[in-house]
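The structure file coords_31.cif is reproduced below (mmCIF, C-alpha atoms and all ligand atoms).
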data_final
#
loop_
_atom_site.label_atom_id
_atom_site.label_comp_id
_atom_site.auth_asym_id
_atom_site.auth_seq_id
_atom_site.Cartn_x
_atom_site.Cartn_y
_atom_site.Cartn_z
CA MET A 259 53.54 45.35 -0.62
CA GLU A 260 51.64 42.16 0.12
CA PHE A 261 52.85 38.60 -0.17
CA SER A 262 50.73 35.84 -1.69
CA ASP A 263 49.52 32.88 0.39
CA PHE A 264 52.53 30.98 -0.99
CA GLY A 265 54.81 33.88 0.00
CA LYS A 266 53.37 34.10 3.50
CA LYS A 267 53.57 30.36 4.02
CA LEU A 268 57.25 30.24 3.05
CA THR A 269 58.42 33.38 4.82
CA GLU A 270 56.90 33.01 8.27
CA SER A 271 59.05 31.80 11.15
CA SER A 272 59.88 28.10 11.10
CA GLY A 273 62.08 25.69 12.97
CA ILE A 274 64.44 25.23 10.02
CA LEU A 275 64.80 29.01 9.60
CA SER A 276 65.87 29.55 13.21
CA LEU A 277 68.23 26.57 12.98
CA MET A 278 69.92 27.88 9.80
CA ASP A 279 69.92 31.38 11.30
CA ASP A 280 71.93 30.11 14.27
CA LEU A 281 74.71 29.05 11.86
CA GLY A 282 75.41 32.65 10.87
CA ARG A 283 74.49 34.64 13.97
CA PRO A 284 77.14 35.83 16.45
CA LEU A 285 76.92 34.55 20.06
CA PRO A 286 77.06 36.91 23.08
CA GLU A 287 80.50 38.45 23.53
CA GLY A 288 83.01 36.70 25.76
CA VAL A 289 81.57 33.18 25.58
CA THR A 290 83.42 30.24 24.06
CA PRO A 291 81.31 28.93 21.19
CA CYS A 292 80.26 25.26 21.31
CA PRO A 293 78.55 24.80 17.93
CA LEU A 294 76.44 21.65 18.41
CA GLY A 295 73.49 22.94 16.34
CA GLY A 296 73.14 22.96 12.53
CA GLY A 297 73.76 20.05 10.23
CA ASN A 298 77.28 20.67 8.96
CA PRO A 299 79.22 17.45 8.40
CA ALA A 300 82.77 17.05 9.71
CA ARG A 301 85.78 17.92 7.58
CA ILE A 302 87.56 14.66 6.93
CA LYS A 303 90.96 14.98 5.28
CA GLU A 304 90.82 11.75 3.25
CA VAL A 305 87.52 12.84 1.70
CA GLU A 306 88.75 16.36 1.02
CA ALA A 307 91.93 14.96 -0.59
CA LEU A 308 89.79 13.01 -3.08
CA TYR A 309 87.91 16.13 -4.12
CA GLU A 310 91.12 18.16 -4.35
CA GLU A 311 92.75 15.60 -6.60
CA ARG A 312 89.66 15.33 -8.76
CA MET A 313 89.53 19.14 -8.99
CA ARG A 314 93.19 19.27 -10.07
CA ASN A 315 92.48 16.70 -12.79
CA MET A 316 89.49 18.71 -13.94
CA LEU A 317 91.59 21.85 -14.17
CA GLU A 318 94.48 20.17 -15.96
CA SER A 319 92.26 18.46 -18.50
CA LYS A 320 90.16 21.60 -19.14
CA GLU A 321 87.10 19.61 -18.00
CA PHE A 322 86.46 22.36 -15.44
CA LEU A 323 85.71 24.95 -18.12
CA SER A 324 83.47 22.62 -20.05
CA VAL A 325 81.53 21.82 -16.88
CA ILE A 326 80.87 25.42 -15.89
CA CYS A 327 80.04 26.82 -19.34
CA SER A 328 76.70 25.15 -20.07
CA TYR A 329 73.42 24.02 -18.55
CA ASP A 330 72.62 20.36 -18.14
CA ALA A 331 69.23 18.81 -18.95
CA PRO A 332 66.42 19.40 -16.42
CA GLN A 333 66.84 15.79 -15.29
CA GLY A 334 70.50 16.44 -14.50
CA ARG A 335 73.91 15.77 -16.08
CA MET A 336 73.21 12.78 -18.29
CA ALA A 337 76.74 11.28 -18.05
CA PHE A 338 76.43 11.39 -14.25
CA ILE A 339 72.95 9.88 -14.31
CA ARG A 340 74.03 7.04 -16.62
CA SER A 341 77.02 6.18 -14.44
CA LEU A 342 74.84 6.26 -11.28
CA ALA A 343 72.26 3.97 -12.89
CA SER A 344 74.91 1.44 -13.82
CA TYR A 345 76.58 1.72 -10.38
CA PHE A 346 73.36 1.18 -8.41
CA SER A 347 72.06 -1.63 -10.60
CA ARG A 348 75.45 -3.37 -10.38
CA ARG A 349 75.87 -2.70 -6.66
CA TYR A 350 72.37 -3.59 -5.39
CA GLY A 351 70.83 -5.48 -8.32
CA TRP A 352 68.10 -2.85 -8.72
CA PRO A 353 66.41 -2.86 -12.13
CA ILE A 354 67.11 0.81 -12.84
CA THR A 355 68.22 2.74 -15.90
CA GLU A 356 68.90 6.40 -16.57
CA GLU A 357 65.12 6.91 -16.66
CA ASN A 358 64.99 6.21 -12.90
CA ILE A 359 67.29 9.01 -11.70
CA ALA A 360 66.92 12.77 -11.40
CA VAL A 361 69.23 15.34 -9.82
CA THR A 362 68.09 18.34 -7.78
CA SER A 363 69.80 21.19 -5.94
CA GLY A 364 70.08 19.23 -2.68
CA SER A 365 67.85 16.77 -0.90
CA GLN A 366 66.05 19.59 0.93
CA MET A 367 64.78 20.67 -2.46
CA SER A 368 64.04 17.06 -3.48
CA MET A 369 61.77 16.66 -0.47
CA PHE A 370 60.05 19.99 -1.16
CA PHE A 371 59.26 18.85 -4.71
CA LEU A 372 58.14 15.37 -3.61
CA PHE A 373 55.94 16.50 -0.72
CA ASN A 374 54.14 19.03 -2.89
CA LEU A 375 53.83 16.56 -5.75
CA PHE A 376 52.00 14.02 -3.60
CA ALA A 377 50.18 16.17 -1.07
CA GLY A 378 48.25 19.44 -1.02
CA LYS A 379 45.14 20.28 -3.01
CA PHE A 380 43.69 17.67 -5.39
CA GLY A 381 40.71 19.60 -6.82
CA SER A 382 38.26 19.88 -3.92
CA LYS A 383 40.15 17.29 -1.83
CA GLU A 384 43.32 17.57 0.22
CA LYS A 385 46.06 15.03 0.74
CA HIS A 386 48.77 14.82 3.40
CA ILE A 387 52.25 13.41 3.87
CA LEU A 388 52.32 10.78 6.60
CA PHE A 389 55.46 10.50 8.77
CA PRO A 390 55.24 7.10 10.43
CA LEU A 391 57.72 7.79 13.21
CA MET A 392 57.77 11.13 15.03
CA PRO A 393 60.19 12.78 15.96
CA GLU A 394 61.45 13.55 12.44
CA TYR A 395 63.65 16.04 10.61
CA VAL A 396 62.75 19.64 11.47
CA GLY A 397 63.40 20.64 7.86
CA TYR A 398 60.27 18.82 6.57
CA ALA A 399 57.79 20.48 8.91
CA ASP A 400 57.13 23.63 6.90
CA GLN A 401 57.74 22.38 3.37
CA GLY A 402 54.09 22.16 2.36
CA ILE A 403 52.87 24.92 0.06
CA GLU A 404 49.44 24.31 1.55
CA ARG A 405 49.08 24.72 5.29
CA ASN A 406 48.90 21.73 7.65
CA MET A 407 50.10 19.29 5.04
CA MET A 408 51.98 17.00 7.41
CA ARG A 409 50.52 14.18 9.51
CA SER A 410 52.39 11.78 11.75
CA VAL A 411 52.23 8.84 14.10
CA PRO A 412 54.14 9.17 17.40
CA SER A 413 56.89 6.63 17.89
CA ARG A 414 56.73 3.89 20.50
CA LEU A 415 59.57 3.81 23.02
CA GLU A 416 61.92 1.16 24.25
CA TYR A 417 64.14 2.05 27.23
CA TYR A 418 67.32 0.15 28.08
CA ASP A 419 69.18 0.03 31.39
CA ASP A 420 72.29 1.86 30.13
CA HIS A 421 70.56 5.28 29.95
CA THR A 422 69.66 4.74 26.29
CA PHE A 423 66.36 4.25 24.46
CA LYS A 424 65.13 3.65 20.94
CA TYR A 425 62.16 4.92 18.94
CA ILE A 426 60.16 2.05 17.46
CA LEU A 427 57.57 2.09 14.72
CA ASP A 428 54.04 1.75 16.11
CA LYS A 429 52.89 -0.68 13.42
CA ASP A 430 49.33 -1.07 14.74
CA ALA A 431 48.80 2.68 14.95
CA ILE A 432 50.15 3.14 11.41
CA SER A 433 47.88 0.41 10.01
CA ARG A 434 44.90 1.93 11.82
CA TYR A 435 45.78 5.39 10.51
CA LEU A 436 46.03 4.23 6.91
CA GLU A 437 42.82 2.22 7.18
CA SER A 438 40.86 5.18 8.45
CA HIS A 439 42.40 8.00 6.35
CA GLU A 440 41.95 8.22 2.60
CA ASP A 441 43.79 11.53 2.50
CA VAL A 442 47.37 10.22 2.69
CA GLY A 443 49.35 11.10 -0.46
CA ALA A 444 52.71 9.52 0.48
CA ILE A 445 54.58 8.06 3.43
CA ALA A 446 57.99 9.55 4.24
CA PHE A 447 60.83 9.15 6.73
CA SER A 448 64.56 9.71 7.07
CA ARG A 449 66.82 6.70 7.60
CA PRO A 450 69.14 7.26 9.49
CA THR A 451 66.81 9.69 11.21
CA ASN A 452 67.67 13.28 11.86
CA PRO A 453 67.28 14.23 14.77
CA SER A 454 67.37 11.02 16.83
CA GLY A 455 70.12 8.94 15.21
CA ASN A 456 67.57 6.13 14.90
CA VAL A 457 67.82 3.72 11.97
CA LEU A 458 64.57 1.98 11.09
CA ARG A 459 65.20 -1.76 11.06
CA ASP A 460 64.85 -3.68 7.79
CA ASP A 461 61.62 -5.31 9.02
CA GLU A 462 60.18 -1.87 9.80
CA VAL A 463 61.02 -0.61 6.29
CA LEU A 464 59.54 -3.76 4.77
CA PHE A 465 56.37 -3.27 6.80
CA LEU A 466 56.07 0.35 5.57
CA SER A 467 56.79 -0.71 2.01
CA LYS A 468 53.97 -3.30 2.14
CA GLU A 469 51.54 -0.82 3.70
CA ALA A 470 52.45 1.78 1.06
CA GLU A 471 51.90 -0.75 -1.72
CA LYS A 472 48.58 -1.83 -0.23
CA TYR A 473 47.27 1.74 -0.51
CA SER A 474 49.20 2.56 -3.75
CA LEU A 475 51.21 5.26 -2.00
CA PRO A 476 54.80 6.22 -2.76
CA LEU A 477 57.21 5.46 0.08
CA ILE A 478 59.75 8.29 0.29
CA ILE A 479 62.99 7.32 2.04
CA ASP A 480 65.43 10.12 2.80
CA ASN A 481 68.82 8.45 2.78
CA ALA A 482 70.93 11.61 3.29
CA TYR A 483 73.16 9.85 5.88
CA GLY A 484 72.83 6.31 4.61
CA LEU A 485 74.39 3.77 2.29
CA PRO A 486 76.47 3.61 0.18
CA PHE A 487 77.64 7.18 0.82
CA PRO A 488 78.18 8.85 3.28
CA SER A 489 77.47 5.56 5.10
CA ILE A 490 77.05 7.17 8.54
CA ILE A 491 75.20 4.14 9.78
CA PHE A 492 76.34 1.95 12.68
CA SER A 493 73.54 -0.64 12.79
CA ASP A 494 72.80 -3.54 10.43
CA ALA A 495 70.65 -2.00 7.78
CA ASN A 496 70.14 -2.91 4.16
CA MET A 497 69.13 -0.78 1.24
CA MET A 498 65.77 -1.35 -0.36
CA TRP A 499 64.30 -0.07 -3.60
CA ASN A 500 61.35 -0.97 -5.77
CA GLU A 501 59.09 0.90 -8.22
CA ASN A 502 57.05 2.14 -5.29
CA ILE A 503 60.01 3.52 -3.30
CA VAL A 504 61.35 7.02 -3.87
CA LEU A 505 64.92 7.03 -2.58
CA SER A 506 66.48 10.40 -1.86
CA MET A 507 70.25 10.78 -1.58
CA SER A 508 72.59 13.73 -1.16
CA LEU A 509 76.23 14.66 -1.61
CA SER A 510 76.05 17.05 1.36
CA LYS A 511 77.05 14.75 4.19
CA ILE A 512 79.93 13.32 2.19
CA GLY A 513 81.64 16.69 2.34
CA LEU A 514 79.85 18.79 -0.29
CA PRO A 515 77.03 20.65 1.50
CA SER A 516 77.74 23.93 -0.25
CA ILE A 517 77.56 22.46 -3.75
CA ARG A 518 73.88 21.49 -3.33
CA THR A 519 73.40 18.16 -5.09
CA GLY A 520 70.49 15.81 -4.41
CA ILE A 521 69.79 12.53 -6.19
CA ILE A 522 66.39 10.82 -6.54
CA ILE A 523 65.91 7.20 -7.58
CA ALA A 524 62.29 6.44 -8.42
CA ASN A 525 59.98 5.10 -11.09
CA LYS A 526 59.97 6.78 -14.50
CA ASN A 527 56.79 8.80 -13.98
CA ILE A 528 58.14 10.40 -10.83
CA ILE A 529 61.51 11.13 -12.47
CA GLU A 530 59.77 12.77 -15.41
CA ALA A 531 57.66 14.87 -13.03
CA LEU A 532 60.74 15.96 -11.02
CA SER A 533 62.60 16.89 -14.22
CA ASN A 534 59.67 19.03 -15.31
CA ILE A 535 59.55 20.74 -11.91
CA ASN A 536 63.31 21.32 -12.06
CA ALA A 537 62.89 23.02 -15.46
CA ILE A 538 60.26 25.41 -14.11
CA VAL A 539 61.85 26.13 -10.74
CA SER A 540 65.55 26.26 -11.58
CA LEU A 541 66.06 25.08 -15.23
CA THR A 542 68.37 22.37 -13.91
CA ALA A 543 70.48 21.55 -10.85
CA GLY A 544 74.09 22.80 -10.69
CA SER A 545 76.52 20.65 -12.69
CA PHE A 546 79.55 21.00 -10.50
CA GLY A 547 78.82 18.45 -7.76
CA GLN A 548 77.82 15.90 -10.37
CA ALA A 549 81.03 16.44 -12.33
CA LEU A 550 83.20 16.41 -9.20
CA ALA A 551 81.70 13.31 -7.58
CA GLY A 552 80.53 11.34 -10.63
CA GLU A 553 83.78 9.56 -11.34
CA LEU A 554 84.41 8.91 -7.66
CA ILE A 555 81.03 7.22 -7.37
CA ALA A 556 81.39 5.21 -10.58
CA SER A 557 84.84 3.93 -9.59
CA GLY A 558 83.56 2.87 -6.15
CA GLU A 559 86.01 5.26 -4.48
CA LEU A 560 83.33 7.30 -2.71
CA GLU A 561 81.74 4.13 -1.36
CA ARG A 562 85.13 2.82 -0.23
CA VAL A 563 86.09 6.01 1.59
CA SER A 564 82.62 6.18 3.13
CA ARG A 565 82.83 2.64 4.47
CA CYS A 566 86.50 2.62 5.49
CA VAL A 567 87.02 6.21 6.67
CA VAL A 568 83.81 8.19 7.07
CA MET A 569 81.75 5.60 8.95
CA PRO A 570 84.54 4.72 11.45
CA TYR A 571 85.30 8.42 11.88
CA TYR A 572 81.73 9.25 12.92
CA LYS A 573 81.36 6.07 14.98
CA LYS A 574 84.36 7.11 17.04
CA LYS A 575 83.04 10.68 17.38
CA SER A 576 79.66 9.34 18.46
CA GLU A 577 81.26 7.06 21.07
CA LYS A 578 83.31 9.94 22.45
CA CYS A 579 80.20 12.08 22.67
CA GLN A 580 78.34 9.30 24.53
CA ASN A 581 81.27 8.97 26.94
CA TYR A 582 81.16 12.70 27.68
CA ILE A 583 77.43 12.42 28.32
CA ARG A 584 77.90 9.49 30.72
CA GLU A 585 80.69 11.33 32.52
CA TYR A 586 79.01 14.70 32.93
CA PHE A 587 75.39 13.59 33.41
CA GLU A 588 76.32 10.96 36.04
CA GLY A 589 73.86 11.22 38.92
CA THR A 590 71.14 13.00 36.89
CA ASP A 591 68.01 11.63 35.27
CA TYR A 592 69.05 11.41 31.61
CA TYR A 593 68.71 9.25 28.51
CA TYR A 594 69.92 9.46 24.95
CA HIS A 595 68.75 7.66 21.83
CA ARG A 596 70.87 4.72 20.73
CA SER A 597 73.34 6.07 18.23
CA GLU A 598 72.62 4.01 15.11
CA GLY A 599 73.48 6.58 12.45
CA SER A 600 73.52 10.26 11.34
CA ILE A 601 75.68 12.96 12.91
CA PHE A 602 73.47 13.65 15.93
CA ILE A 603 72.98 12.52 19.50
CA TRP A 604 69.47 13.05 20.82
CA LEU A 605 69.33 13.77 24.53
CA TYR A 606 66.19 13.16 26.56
CA LEU A 607 66.07 15.07 29.85
CA PRO A 608 62.99 13.81 31.73
CA SER A 609 63.41 16.11 34.75
CA LEU A 610 63.75 19.35 32.77
CA LYS A 611 61.55 21.95 34.53
CA ILE A 612 61.47 24.38 31.60
CA SER A 613 60.72 23.66 27.94
CA ALA A 614 63.54 22.53 25.65
CA ILE A 615 63.18 25.80 23.70
CA GLU A 616 63.73 27.84 26.89
CA PHE A 617 66.61 25.56 27.86
CA TYR A 618 68.17 26.02 24.41
CA GLN A 619 67.98 29.82 24.81
CA LYS A 620 69.72 29.66 28.20
CA LEU A 621 72.39 27.42 26.68
CA LYS A 622 72.96 29.88 23.83
CA GLU A 623 73.74 32.60 26.39
CA LYS A 624 76.59 30.35 27.51
CA GLY A 625 77.79 29.80 23.96
CA VAL A 626 76.30 26.32 23.48
CA VAL A 627 74.22 26.07 20.33
CA THR A 628 71.91 23.03 20.07
CA VAL A 629 68.54 22.33 18.48
CA PRO A 630 65.53 22.10 20.83
CA GLY A 631 63.34 19.05 20.32
CA GLU A 632 59.93 20.71 19.96
CA TYR A 633 60.54 21.53 16.27
CA SER A 634 60.96 17.84 15.48
CA PHE A 635 57.46 16.91 16.65
CA TYR A 636 54.83 17.96 14.11
CA GLY A 637 51.81 16.67 12.24
CA SER A 638 49.38 15.80 15.05
CA GLU A 639 45.68 16.67 15.11
CA GLN A 640 46.17 18.00 18.66
CA GLN A 641 48.63 20.61 17.38
CA LEU A 642 46.17 21.71 14.70
CA ASN A 643 43.68 22.33 17.51
CA GLY A 644 46.17 24.44 19.48
CA GLY A 645 47.57 21.67 21.72
CA VAL A 646 51.05 20.18 21.94
CA TYR A 647 52.39 17.05 20.30
CA PRO A 648 51.23 13.90 22.14
CA HIS A 649 54.62 12.37 22.91
CA PRO A 650 56.30 12.23 26.33
CA HIS A 651 59.55 13.54 24.81
CA TYR A 652 57.95 16.56 23.12
CA ASP A 653 59.61 19.38 25.10
CA LYS A 654 62.37 17.45 26.85
CA CYS A 655 64.92 16.75 24.10
CA LEU A 656 67.94 18.42 22.56
CA ARG A 657 69.69 17.51 19.32
CA LEU A 658 73.48 17.69 19.47
CA ASN A 659 75.62 17.62 16.33
CA TYR A 660 78.74 15.76 17.48
CA SER A 661 80.75 16.23 14.28
CA THR A 662 82.50 19.39 15.46
CA ASP A 663 85.91 19.27 17.29
CA ASP A 664 86.05 17.08 20.42
CA GLU A 665 86.83 19.93 22.78
CA SER A 666 83.69 21.85 21.76
CA VAL A 667 81.60 18.68 22.13
CA ARG A 668 83.07 17.94 25.57
CA ASN A 669 82.73 21.51 26.81
CA GLY A 670 79.22 21.83 25.36
CA ILE A 671 78.06 18.66 27.10
CA ARG A 672 79.66 19.77 30.37
CA LEU A 673 77.76 23.09 30.22
CA ILE A 674 74.48 21.36 29.25
CA SER A 675 74.80 19.00 32.23
CA MET A 676 75.53 21.90 34.61
CA LEU A 677 72.50 23.83 33.42
CA TYR A 678 70.35 20.67 33.53
CA ARG A 679 71.20 20.27 37.21
CA GLN A 680 70.06 23.85 37.73
CA TYR A 681 66.76 23.40 35.86
CA SER A 682 65.70 19.97 37.08
C1 LIG B 701 67.47 14.03 6.97
C2 LIG B 701 67.90 15.17 6.11
N1 LIG B 701 67.36 15.30 4.90
C3 LIG B 701 67.72 16.30 4.08
C4 LIG B 701 68.63 17.24 4.46
C5 LIG B 701 68.99 18.33 3.52
O1 LIG B 701 70.28 18.16 3.02
P1 LIG B 701 70.79 18.72 1.62
O2 LIG B 701 69.72 19.60 1.05
O3 LIG B 701 72.03 19.45 1.94
O4 LIG B 701 71.00 17.52 0.73
C6 LIG B 701 69.23 17.17 5.73
C7 LIG B 701 70.20 18.19 6.18
O5 LIG B 701 70.63 18.25 7.29
C8 LIG B 701 68.84 16.10 6.56
O6 LIG B 701 69.36 15.97 7.79
#

I'd like the structure from this file rewritten - as structure tokens, please.
Ligand SMILES: Cc1ncc(COP(=O)(O)O)c(C=O)c1O
Amino acid sequence: MEFSDFGKKLTESSGILSLMDDLGRPLPEGVTPCPLGGGNPARIKEVEALYEERMRNMLESKEFLSVICSYDAPQGRMAFIRSLASYFSRRYGWPITEENIAVTSGSQMSMFFLFNLFAGKFGSKEKHILFPLMPEYVGYADQGIERNMMRSVPSRLEYYDDHTFKYILDKDAISRYLESHEDVGAIAFSRPTNPSGNVLRDDEVLFLSKEAEKYSLPLIIDNAYGLPFPSIIFSDANMMWNENIVLSMSLSKIGLPSIRTGIIIANKNIIEALSNINAIVSLTAGSFGQALAGELIASGELERVSRCVVMPYYKKKSEKCQNYIREYFEGTDYYYHRSEGSIFIWLYLPSLKISAIEFYQKLKEKGVVTVPGEYSFYGSEQQLNGGVYPHPHYDKCLRLNYSTDDESVRNGIRLISMLYRQYS
């Protein structure tokens, strides 16, 4: 049996595969698990109560059976799409209609479709996706059907005197890159950013939007953690959309990761293309998440619970996690990225004597599961030539998901700090 080039490309080892693998693999016997890897959101009882009540109503009214018995259109469930269009145009004043929205089986799939729509082979030419601020989400790195489809610009750094830092867009480097490369098919980034918890400032998004427009490129914004739901964003950030922006949203981080529902807001041509791809790849996305959450979005309830419960919940969890870091890393050489959004804290350990991947393996032996930073640095010419990513943080960072129970977070951070002392 032999796999095609497509088969080989999508089955070889990848950062996202080992990360998802960690979620299901048992740890060594006798260790207390501290699950700080993966991307599972927290279970928040107010959010779960909304879904339970909605589910009860669906069952009582027989809506449940009508939802599960038929396929929706390739674009998605039209009642859901219409109510989203009216909600977003009312809420943000965007000039959108039902022709501007498509639904996919999760934002991971949305990004796969979008990246391969705008980059890859164009006859005899090749185009790439440009990530303007590395490090970025590990889950994008291997999504190209063609090899080496991703390109990136390393972030600039700003350090502060409270052991924190922030990744900043290198505007000059991005302008220079776009000026000298005709092979960019789209610009993409996550905001809030997985893995760092960074939130690009409004002026940075505006800059990227202008650059994208200048070169007639789509600007893909992955808003999986952003506004208006799940609203895991602690900095001042505003939403932006125009005909050139492709906004990706998800129901995963607002408590429904297993139901696999992604939402794309974009211009009509892109929506039509995504609907056609949906039809070929999966006929249509699953209806259930759309039926369950549709009314809650339209009534503003999901936005309210996101703003009043979910955001404060994660903010508090993030602050606790930062306190544990300050307590246990006291006296060591450590930094972490300012926590501006998402469900992760990104630790930078400058004195680490082994690579982050080796450090992560040693941590796993002690029951602490994290994500090593190397996987989140991709898309440099140096890597294509066998080198490492040109960023001082490349092999010195760990991503910690702080949404698990406090005791696991505290114990995990304690063990990480002990091992850091040993390996620095
Ligand atoms: C930035 C970002 N985008 C997309 C995804 C994929 O999420 P889903 O496919 O569940 O919508 C994740 C998951 O962790 C993520 O962190």

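If you count all atoms listed in the file and ignore residues fewer than 5 places along the chain from Gly520 (chain A), what sits within 10 Å of it is Ala360, Val361, Thr362, Ser363, Gly364, Ser365, Gln366, Met367, Ser368, Met369, Ala482, Ser506, Met507, Ser508, Leu509, Ser510, Ala543, Gly547 and Gln548 of chain A.
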
Which of these residues is nearest to ligand LIG 701 (chain B), using only C-alpha atoms and all ligand atoms: A:Val442, A:Ile302, A:Ile339, A:Ile517? A:Ile517

What lies within 9 Å of Gly402 (chain A) using only C-alpha atoms, ignoring chain neighbours under 6 positions off, as number ranges by chain? A: 267-268, 370, 373-374, 377-378, 408

Show which residues sit within 9 Å of Pro353 (chain A), as an MDAnalysis selection string. Count only C-alpha atoms, and ignore same-chain residues fewer than 3 positions away. chainID A and resid 346:347 500

Taking all atoms of ligand LIG 701 (chain B) that appear in the file, build a box with edges along x, y and z, extend it by 3 Å on every side, and state its centre and edge lengths in Å to one decimal, as lines of an AutoDock Vina configuration file.
center_x = 69.7
center_y = 16.8
center_z = 4.3
size_x = 10.7
size_y = 11.6
size_z = 13.1

Counting all atoms listed in the file, I want the residues whose atoms come within 12 Å of (85.8, 8.6, -8.1) in the file frame, returned as a short mmCIF file (atom, residue, chain, number, x, y, z; two decimals) with C-alpha atoms, keeping the file's coordinate frame.
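Result went into out02.cif, see below:
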data_model
loop_
_atom_site.label_atom_id
_atom_site.label_comp_id
_atom_site.auth_asym_id
_atom_site.auth_seq_id
_atom_site.Cartn_x
_atom_site.Cartn_y
_atom_site.Cartn_z
CA VAL A 305 87.52 12.84 1.70
CA ALA A 307 91.93 14.96 -0.59
CA LEU A 308 89.79 13.01 -3.08
CA TYR A 309 87.91 16.13 -4.12
CA GLU A 310 91.12 18.16 -4.35
CA GLU A 311 92.75 15.60 -6.60
CA ARG A 312 89.66 15.33 -8.76
CA MET A 313 89.53 19.14 -8.99
CA ASN A 315 92.48 16.70 -12.79
CA PHE A 338 76.43 11.39 -14.25
CA SER A 341 77.02 6.18 -14.44
CA LEU A 342 74.84 6.26 -11.28
CA TYR A 345 76.58 1.72 -10.38
CA GLN A 548 77.82 15.90 -10.37
CA ALA A 549 81.03 16.44 -12.33
CA LEU A 550 83.20 16.41 -9.20
CA ALA A 551 81.70 13.31 -7.58
CA GLY A 552 80.53 11.34 -10.63
CA GLU A 553 83.78 9.56 -11.34
CA LEU A 554 84.41 8.91 -7.66
CA ILE A 555 81.03 7.22 -7.37
CA ALA A 556 81.39 5.21 -10.58
CA SER A 557 84.84 3.93 -9.59
CA GLY A 558 83.56 2.87 -6.15
CA GLU A 559 86.01 5.26 -4.48
CA LEU A 560 83.33 7.30 -2.71
CA GLU A 561 81.74 4.13 -1.36
CA ARG A 562 85.13 2.82 -0.23
CA VAL A 563 86.09 6.01 1.59
CA SER A 564 82.62 6.18 3.13
#

Distance criterion (all atoms listed in the file): nearest to Lys574 (chain A) out of A:Val457, A:Ile490, A:Ala614, A:Val504: A:Ile490

Taking into account all atoms listed in the file, which residue in the set A:Leu605, A:Leu532, A:Ile522, A:Val539 is nearest to ligand LIG 701 (chain B)? A:Ile522

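Here the question is which of A:Ile503, A:Ser516, A:Pro291, A:Gln619 gets nearest to Asn358 (chain A) using all atoms listed in the file, and that residue is A:Ile503.
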
Pick from A:Arg335, A:Lys303, A:Arg449, A:Lys468, whichever lies nearest to Asn481 (chain A) using all atoms listed in the file: A:Arg449

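What separates CA of Ile479 (chain A) from CA of Pro450 (chain A) is a distance of 9.7 Å.
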
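Our summary of the geometry notes that CA of Glu501 (chain A) is positioned 18.2 Å from CA of Gln333 (chain A).
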
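Of the listed residues A:Ile601, A:Val289, A:Leu294, A:Ile615, the one whose atoms come nearest to ligand LIG 701 (chain B) is A:Ile601, with distances taken using all atoms listed in the file.
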
Write out as a list in words which residues come within 8 Å of Thr422 (chain A) when counting only C-alpha atoms, dropping same-chain ones fewer than 5 positions away. Tyr417, Tyr593, Tyr594, His595 and Arg596 of chain A

So that I have them on file, write out the residues from the current selection with C-alpha atoms, as an mmCIF file, keeping the file's coordinate frame.
data_model
loop_
_atom_site.group_PDB
_atom_site.id
_atom_site.type_symbol
_atom_site.label_atom_id
_atom_site.label_comp_id
_atom_site.auth_asym_id
_atom_site.auth_seq_id
_atom_site.Cartn_x
_atom_site.Cartn_y
_atom_site.Cartn_z
ATOM 1 C CA TYR A 417 64.140 2.050 27.230
ATOM 2 C CA TYR A 593 68.710 9.250 28.510
ATOM 3 C CA TYR A 594 69.920 9.460 24.950
ATOM 4 C CA HIS A 595 68.750 7.660 21.830
ATOM 5 C CA ARG A 596 70.870 4.720 20.730
#

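A straight line drawn from CA of Tyr681 (chain A) to CA of Leu621 (chain A) is 11.5 Å long.
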
Can you build me a table of region 506-614 of chain A residues sitting at most 10 Å from region 662-667 of chain A, with the closest atom pair per residue and its distance in Å to one decimal, using all atoms listed in the file, sorted by chain and residue number, as CSV?
residue,atom,partner,partner_atom,distance
A:Lys575,CA,A:Asp664,CA,7.7
A:Lys578,CA,A:Asp664,CA,7.9
A:Cys579,CA,A:Val667,CA,6.8
A:Tyr582,CA,A:Val667,CA,8.2
A:Ile583,CA,A:Val667,CA,9.7
A:Ile601,CA,A:Thr662,CA,9.7

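Using all atoms listed in the file, the contacts of Trp499 (chain A) at a cut-off of 10 Å, with sequence neighbours closer than 5 positions omitted, comprise Tyr350, Gly351, Trp352, Pro353, Ile354, Ser467, Leu477, Ile479, Val504, Leu505, Ile523 and Ala524 of chain A.
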